[in-house]
$ cat final14.txt   # compact mmCIF, C-alpha atoms and all ligand atoms
# COMPACT_ATOMS: atom_id res chain seq x y z
CA MET A 21 -72.97 12.22 -43.15
CA ARG A 22 -69.43 10.86 -43.17
CA ILE A 23 -68.74 7.35 -44.46
CA VAL A 24 -65.59 5.23 -44.19
CA VAL A 25 -65.37 2.23 -46.54
CA LEU A 26 -63.22 -0.81 -45.73
CA ILE A 27 -62.01 -3.05 -48.55
CA SER A 28 -59.60 -5.90 -49.19
CA GLY A 29 -59.67 -6.28 -52.95
CA ARG A 30 -60.84 -5.02 -56.31
CA GLY A 31 -63.41 -2.52 -55.02
CA SER A 32 -66.25 -2.97 -57.49
CA ASN A 33 -68.82 -2.38 -54.74
CA LEU A 34 -66.90 0.74 -53.74
CA GLN A 35 -67.11 1.85 -57.37
CA ALA A 36 -70.89 1.27 -57.42
CA ILE A 37 -71.30 3.25 -54.20
CA LEU A 38 -69.29 6.13 -55.68
CA ALA A 39 -71.23 6.02 -58.93
CA ALA A 40 -74.51 6.29 -57.02
CA GLN A 41 -73.50 9.82 -55.92
CA LEU A 42 -75.15 9.41 -52.54
CA PRO A 43 -75.87 12.50 -50.42
CA ALA A 44 -72.96 11.79 -48.07
CA GLN A 45 -69.20 12.15 -48.03
CA ILE A 46 -66.94 9.12 -48.42
CA VAL A 47 -64.16 10.45 -46.21
CA ALA A 48 -61.75 7.51 -46.48
CA VAL A 49 -61.20 4.08 -47.97
CA ILE A 50 -59.07 1.79 -45.83
CA SER A 51 -57.68 -1.62 -46.74
CA ASN A 52 -56.02 -4.39 -44.78
CA LYS A 53 -54.17 -5.22 -48.01
CA PRO A 54 -51.77 -2.55 -49.30
CA ASP A 55 -52.06 -3.92 -52.87
CA ALA A 56 -55.87 -3.86 -53.03
CA THR A 57 -56.83 -2.41 -56.42
CA GLY A 58 -59.83 -0.76 -54.79
CA LEU A 59 -57.41 1.75 -53.26
CA GLN A 60 -56.68 2.99 -56.76
CA VAL A 61 -60.41 3.35 -57.42
CA ALA A 62 -60.63 5.57 -54.34
CA GLN A 63 -57.55 7.61 -55.25
CA ALA A 64 -58.90 8.22 -58.75
CA ALA A 65 -62.02 9.63 -57.11
CA GLY A 66 -59.91 11.92 -54.91
CA ILE A 67 -60.71 10.06 -51.68
CA ALA A 68 -58.19 9.65 -48.87
CA THR A 69 -56.83 6.11 -48.60
CA GLN A 70 -54.92 4.18 -45.99
CA ALA A 71 -53.58 0.65 -45.88
CA LEU A 72 -52.90 -1.23 -42.69
CA ALA A 73 -51.45 -4.69 -43.34
CA HIS A 74 -52.98 -7.14 -40.86
CA THR A 75 -49.92 -9.37 -41.38
CA THR A 76 -47.79 -6.91 -39.39
CA PHE A 77 -49.85 -7.41 -36.20
CA ALA A 78 -49.34 -10.14 -33.62
CA SER A 79 -53.05 -10.68 -33.05
CA ARG A 80 -56.49 -9.99 -34.48
CA ALA A 81 -57.32 -7.94 -31.38
CA GLU A 82 -54.31 -5.65 -31.85
CA PHE A 83 -55.04 -5.19 -35.53
CA ASP A 84 -58.68 -4.31 -34.91
CA LYS A 85 -57.67 -1.83 -32.17
CA ALA A 86 -55.35 -0.10 -34.63
CA MET A 87 -58.10 -0.09 -37.27
CA ILE A 88 -60.53 1.52 -34.83
CA GLN A 89 -58.01 4.30 -34.16
CA ILE A 90 -57.53 5.00 -37.87
CA ILE A 91 -61.23 4.82 -38.69
CA ASP A 92 -62.24 7.04 -35.77
CA GLY A 93 -59.76 9.66 -36.95
CA TYR A 94 -62.23 10.22 -39.83
CA GLN A 95 -65.21 10.55 -37.43
CA PRO A 96 -67.56 8.39 -39.49
CA ASP A 97 -71.32 8.18 -39.00
CA LEU A 98 -71.28 4.94 -40.97
CA VAL A 99 -68.66 2.27 -41.70
CA VAL A 100 -69.26 0.23 -44.86
CA LEU A 101 -67.58 -3.14 -45.39
CA ALA A 102 -67.24 -3.60 -49.15
CA GLY A 103 -65.39 -6.84 -49.73
CA TYR A 104 -63.48 -6.47 -46.44
CA MET A 105 -62.30 -10.04 -45.92
CA ARG A 106 -61.45 -10.00 -42.23
CA ILE A 107 -63.19 -11.68 -39.34
CA LEU A 108 -63.93 -8.88 -36.89
CA THR A 109 -63.41 -8.93 -33.14
CA ASP A 110 -66.42 -8.35 -30.90
CA GLU A 111 -64.71 -5.19 -29.72
CA PHE A 112 -64.64 -3.81 -33.26
CA VAL A 113 -68.24 -4.78 -33.99
CA ASN A 114 -69.56 -3.38 -30.70
CA HIS A 115 -67.64 -0.13 -31.20
CA TYR A 116 -69.59 0.53 -34.42
CA GLN A 117 -72.87 -1.03 -33.37
CA GLY A 118 -75.76 0.23 -35.47
CA ARG A 119 -73.48 1.99 -37.95
CA LEU A 120 -71.60 -0.94 -39.53
CA LEU A 121 -72.92 -2.49 -42.76
CA ASN A 122 -71.70 -5.48 -44.76
CA ILE A 123 -72.54 -7.02 -48.12
CA HIS A 124 -72.34 -10.77 -48.48
CA PRO A 125 -72.58 -12.80 -51.71
CA SER A 126 -75.40 -15.16 -50.70
CA LEU A 127 -78.96 -15.13 -49.48
CA LEU A 128 -78.17 -15.18 -45.77
CA PRO A 129 -78.57 -17.07 -43.52
CA SER A 130 -77.59 -19.57 -46.23
CA TYR A 131 -73.90 -19.76 -47.14
CA ALA A 132 -72.23 -17.58 -44.55
CA GLY A 133 -68.44 -17.59 -44.94
CA LEU A 134 -66.38 -18.19 -48.07
CA ASN A 135 -66.88 -19.81 -51.52
CA THR A 136 -70.59 -19.05 -51.47
CA HIS A 137 -71.17 -19.48 -55.21
CA GLN A 138 -69.52 -22.89 -55.51
CA ARG A 139 -71.30 -24.14 -52.38
CA ALA A 140 -74.66 -23.01 -53.79
CA LEU A 141 -73.90 -24.80 -57.07
CA ASP A 142 -72.81 -27.95 -55.23
CA ASP A 143 -76.10 -27.98 -53.31
CA GLY A 144 -78.09 -27.57 -56.53
CA VAL A 145 -80.09 -24.59 -55.26
CA LYS A 146 -82.13 -22.81 -57.93
CA VAL A 147 -82.02 -19.37 -56.32
CA HIS A 148 -78.94 -17.60 -55.01
CA GLY A 149 -78.20 -13.92 -54.39
CA CYS A 150 -76.75 -11.33 -52.05
CA THR A 151 -77.54 -9.63 -48.75
CA VAL A 152 -76.81 -6.32 -47.04
CA HIS A 153 -76.98 -6.54 -43.27
CA PHE A 154 -76.03 -4.77 -40.08
CA VAL A 155 -72.90 -6.38 -38.65
CA THR A 156 -73.19 -8.12 -35.29
CA PRO A 157 -70.60 -10.30 -33.55
CA THR A 158 -71.77 -13.56 -35.19
CA LEU A 159 -70.12 -13.79 -38.62
CA ASP A 160 -72.54 -13.02 -41.49
CA HIS A 161 -75.60 -13.27 -39.25
CA GLY A 162 -76.58 -9.67 -38.53
CA PRO A 163 -80.09 -8.35 -39.15
CA ILE A 164 -80.92 -8.24 -42.85
CA ILE A 165 -81.64 -4.90 -44.55
CA ILE A 166 -82.09 -5.89 -48.20
CA GLN A 167 -81.55 -8.94 -50.40
CA ALA A 168 -81.57 -9.62 -54.13
CA ALA A 169 -82.30 -13.05 -55.58
CA VAL A 170 -80.54 -14.38 -58.68
CA PRO A 171 -81.67 -17.53 -60.51
CA VAL A 172 -79.10 -20.31 -60.84
CA LEU A 173 -78.93 -21.40 -64.49
CA ASN A 174 -78.28 -24.97 -65.69
CA ASN A 175 -74.93 -24.11 -67.24
CA ASP A 176 -73.68 -21.82 -64.45
CA ASN A 177 -70.24 -22.15 -62.94
CA ALA A 178 -68.95 -20.19 -59.94
CA ASP A 179 -67.64 -17.42 -62.21
CA SER A 180 -70.80 -16.89 -64.22
CA LEU A 181 -72.98 -17.03 -61.11
CA SER A 182 -70.75 -14.64 -59.15
CA GLU A 183 -70.84 -12.18 -62.05
CA ARG A 184 -74.65 -12.02 -61.99
CA VAL A 185 -74.74 -11.83 -58.19
CA LEU A 186 -72.18 -9.01 -58.28
CA CYS A 187 -74.42 -6.99 -60.63
CA MET A 188 -77.15 -7.19 -57.99
CA GLU A 189 -74.70 -6.34 -55.20
CA HIS A 190 -73.96 -3.12 -57.07
CA GLN A 191 -77.65 -2.25 -56.96
CA ILE A 192 -78.62 -3.18 -53.43
CA TYR A 193 -75.60 -1.80 -51.54
CA PRO A 194 -76.05 1.82 -52.69
CA THR A 195 -79.78 1.44 -51.99
CA ALA A 196 -79.20 0.26 -48.41
CA ILE A 197 -76.65 3.01 -47.78
CA HIS A 198 -79.07 5.57 -49.17
CA TRP A 199 -81.71 4.35 -46.73
CA PHE A 200 -79.23 4.64 -43.86
CA ILE A 201 -78.22 8.17 -44.86
CA GLY A 202 -81.88 9.18 -45.03
CA GLY A 203 -82.50 7.80 -41.54
CA ARG A 204 -84.84 5.16 -42.95
CA ILE A 205 -83.14 2.15 -41.37
CA GLN A 206 -82.02 1.63 -37.81
CA LEU A 207 -80.77 -1.30 -35.81
CA ALA A 208 -83.38 -1.58 -33.07
CA ALA A 209 -82.63 -2.60 -29.47
CA ASP A 210 -84.31 -5.97 -30.07
CA GLY A 211 -81.79 -6.69 -32.85
CA LYS A 212 -84.32 -6.20 -35.67
CA VAL A 213 -84.09 -3.65 -38.46
CA ASN A 214 -86.58 -0.79 -38.27
CA LEU A 215 -87.52 0.48 -41.71
CA LEU A 216 -89.25 3.86 -41.73
CA ASN A 217 -91.69 4.42 -44.56
CA ASN A 218 -91.59 7.65 -46.52
CA ASN A 219 -94.49 8.90 -44.42
CA GLY A 220 -92.42 8.40 -41.25
CA SER A 221 -94.38 5.37 -40.01
CA GLU A 222 -92.39 2.44 -38.76
CA GLN A 223 -92.26 -1.14 -39.92
CA THR A 224 -89.98 -3.94 -38.70
CA VAL A 225 -88.28 -6.08 -41.33
C1 LIG A 301 -68.15 -9.12 -53.14
O1 LIG A 301 -68.73 -10.16 -53.85
C2 LIG A 301 -68.64 -9.12 -51.70
O2 LIG A 301 -69.98 -9.50 -51.57
C3 LIG A 301 -67.73 -10.14 -51.09
O3 LIG A 301 -66.47 -9.88 -51.65
C4 LIG A 301 -66.65 -9.35 -52.96
C5 LIG A 301 -65.87 -8.06 -53.04
O4 LIG A 301 -65.87 -7.58 -54.36
N1 LIG A 301 -67.71 -10.03 -49.67
C6 LIG A 301 -67.61 -11.09 -48.86
O5 LIG A 301 -67.49 -12.23 -49.25
C7 LIG A 301 -67.64 -10.75 -47.36
N2 LIG A 301 -67.91 -11.91 -46.60
P1 LIG A 301 -65.45 -6.08 -54.67
O6 LIG A 301 -64.08 -5.85 -54.01
O7 LIG A 301 -65.36 -6.03 -56.14
O8 LIG A 301 -66.48 -5.14 -54.11
$ encode --input "final14.txt" --output "structure tokens"
Amino acid sequence: MRIVVLISGRGSNLQAILAAQLPAQIVAVISNKPDATGLQVAQAAGIATQALAHTTFASRAEFDKAMIQIIDGYQPDLVVLAGYMRILTDEFVNHYQGRLLNIHPSLLPSYAGLNTHQRALDDGVKVHGCTVHFVTPTLDHGPIIIQAAVPVLNNDNADSLSERVLCMEHQIYPTAIHWFIGGRIQLAADGKVNLLNNNGSEQTV
């Protein structure tokens, strides 16, 4: 199985995915930000990298079209968004339907969008966390594959909370990708996630 990873920043999830030594080939890491430090993580691991600055495109649609061309050049079976901070066009999402995963730093459907940790603290929630989901056209609302919960502590600030959530992200993203590689998860026609048990029987989550 061939995987393309899209990033915009430091690439710690990319690093966790690489460290998991999954039975698949990461064929490229692509960033919309040429200075993303995650590109160096990929290069150090001997993975092909490309940067396509979204700022050089007149529209989101044109940028996403160009991204599709680059990504498809690597013939991926799976596209993994790992801290890829771009809102995607419907065209992009539909092109990779059923083979596009994202990780988000909250227990979706709570706290879609940005600044998830501070918003959780402001609301006084006692449990926060992270989610891996299939990407669909509605931002951060695709069918959920796996979540991890993290308790919010009395003395937490956004940095301390995000650090503990990130640790869990590094566990659940490789797990979800492993399931995908093994054919254990599929995006069903009804928009739910089918999870196949080890014995091959099916269960909807
Ligand atoms: C992660 O916390 C990820 O969940 C988040 O960006 C961070 C990237 O960190 N993604 C989003 O907010 C997407 N909506 P990383 O570059 O170290 O993996």
$ residues_near_ligand --input "final14.txt" --ligand "ligand LIG 301 (chain A)" --cutoff "9 Å" --atoms "all atoms listed in the file" --output "MDAnalysis selection string"
chainID A and resid 27:36 56:58 101:107 122:126 132:136 150:152 159:160 182:183 185:186 189:190
$ closest_residue --input "final14.txt" --among "A:Leu38, A:Ala78, A:Ile164, A:Ile23" --to "Asn214 of chain A" --atoms "all atoms listed in the file"
A:Ile164
$ closest_atom_pairs --input "final14.txt" --of "segment 54-153 of chain A" --to "segment 171-178 of chain A" --cutoff "9 Å" --atoms "all atoms listed in the file" --output "Markdown table"
| residue | atom | partner | partner_atom | distance |
| --- | --- | --- | --- | --- |
| A:Asn135 | CA | A:Ala178 | CA | 8.7 |
| A:Thr136 | CA | A:Ala178 | CA | 8.7 |
| A:His137 | CA | A:Ala178 | CA | 5.3 |
| A:Gln138 | CA | A:Ala178 | CA | 5.2 |
| A:Arg139 | CA | A:Ala178 | CA | 8.8 |
| A:Ala140 | CA | A:Val172 | CA | 8.8 |
| A:Leu141 | CA | A:Ala178 | CA | 7.3 |
| A:Gly144 | CA | A:Val172 | CA | 8.5 |
| A:Val145 | CA | A:Val172 | CA | 7.1 |
| A:Lys146 | CA | A:Val172 | CA | 4.9 |
| A:Val147 | CA | A:Pro171 | CA | 4.6 |
| A:His148 | CA | A:Pro171 | CA | 6.1 |
| A:Gly149 | CA | A:Pro171 | CA | 7.9 |
$ atom_distance --input "final14.txt" --atom1 "atom CA of Ala44 of chain A" --atom2 "atom CA of Leu26 of chain A"
16.1 Å
$ closest_residue --input "final14.txt" --among "A:Ile37, A:Val155, A:Ile192, A:Ile90" --to "Gln117 of chain A" --atoms "only C-alpha atoms"
A:Val155
$ residues_around --input "final14.txt" --residues "segment 202-212 of chain A" --least-positions-apart "3" --cutoff "8 Å" --atoms "all atoms listed in the file" --output "list of chain:residue names"
A:Gly118, A:Phe154, A:Pro163, A:Ile165, A:His198, A:Trp199, A:Leu215, A:Leu216, A:Asn217, A:Thr224, A:Val225
$ atom_distance --input "final14.txt" --atom1 "atom CA of Gly93 of chain A" --atom2 "atom CA of Ala196 of chain A"
24.4 Å
$ atom_distance --input "final14.txt" --atom1 "atom CA of Val49 of chain A" --atom2 "atom CA of Asp92 of chain A"
12.6 Å
$ residues_around --input "final14.txt" --residues "Val99 of chain A" --least-positions-apart "4" --cutoff "8 Å" --atoms "only C-alpha atoms" --output "VMD selection string"
chain A and resid 23 to 26 116 119 to 121
